[in-house]
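Inspection log for the structure reproduced underneath, given as structure tokens.
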Amino acid sequence: RLYVHEDIYDDVVDALAEVAKNTPMGPGLDENNVLGPLQNRAQFSIVASLVQAAKDSGARVVTGGNPEGNQPGYFYPATLVADIDNANPLVAEEQFGPALPIVRYSSLDEAVSMANG
């Protein structure tokens, strides 16, 4: 998870989206790839269900979130999820995947409280 102050939130989300969109994904034997597959189908399903739950709750998927179903392996694209509540399972649970929830905060005390929660 990433906590970003409201004053720079949109700029940070936009900048991260550019990085995520340009992150090469594919087999690790190709040294140009930065992001490889998830380890197994169970892990892929966990990430996919957490991202879907975030979408269903009204969070905004900025980039990624739609893996290709016909590809070999368990490749899940770099996914950024903005405008998400800190209590959302994508934020609160360990997902061990390439989905980054970006949480907005307005004060340092709020950010510390959310992070410690």
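In the structure tokens, chains take the letters A, B, ... in the order shown, each chain's residues start at 1, and ligands count up from 1 in the order shown.
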
**Prompt:** Near stretch 44-48 of chain A, counting only C-alpha atoms, which residues have an atom at most 12 Å away, once you skip same-chain residues fewer than 6 positions from it, shown as an NGL selection string?
**Reply:** :A and (37-38 or 54-55 or 64-69 or 73-79 or 89-91 or 93-101)

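With only C-alpha atoms taken into account, the protein and nucleic acid residues at most 7 Å from stretch 106-114 of chain A (excluding it and anything under 3 positions from it in its own chain) are Tyr3, His5, Glu6, Asn86 and Gly117 of chain A.
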
**Request:** Check the DSSP output for the backbone and give back, as a PyMOL selection string, the residues of chain A in alpha helix (DSSP H).
**Result:** chain A and resi 9-21+41-56+89-92+108-116

**Prompt:** Which distance in Å separates atom CA of A:Tyr9 and atom CA of A:Ile84, to one decimal?
**Reply:**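 Atom CA of A:Ile84 lies 12.2 Å from atom CA of A:Tyr9.
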
**Request:** Any chance you could list, as a ChimeraX atom specification, the residues in stretch 1-107 of chain A that come up strand (DSSP E) when DSSP is run on the backbone?
**Result:** /A:2-5,60-63,79-82,99-105

**Message:** From the options A:Ala53, A:Val13, A:Ile8, A:Ala42, which residue's atoms come nearest to A:Asp83, counting only C-alpha atoms?
**Reply:**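 Closest to A:Asp83, using only C-alpha atoms: A:Val13.
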
**Message:** So, with only C-alpha atoms as the atoms that count, which of A:Leu29, A:Asn40, A:Asn88, A:Leu80 lies closest to A:Gly58?
**Reply:**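 Using only C-alpha atoms, the shortest distance to A:Gly58 belongs to A:Asn88.
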
**Item:** Point-to-point distance in Å for atom CA of A:Ala87 and atom CA of A:Arg104
**Value:**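 Rounded to one decimal, the two atoms are 12.4 Å apart.
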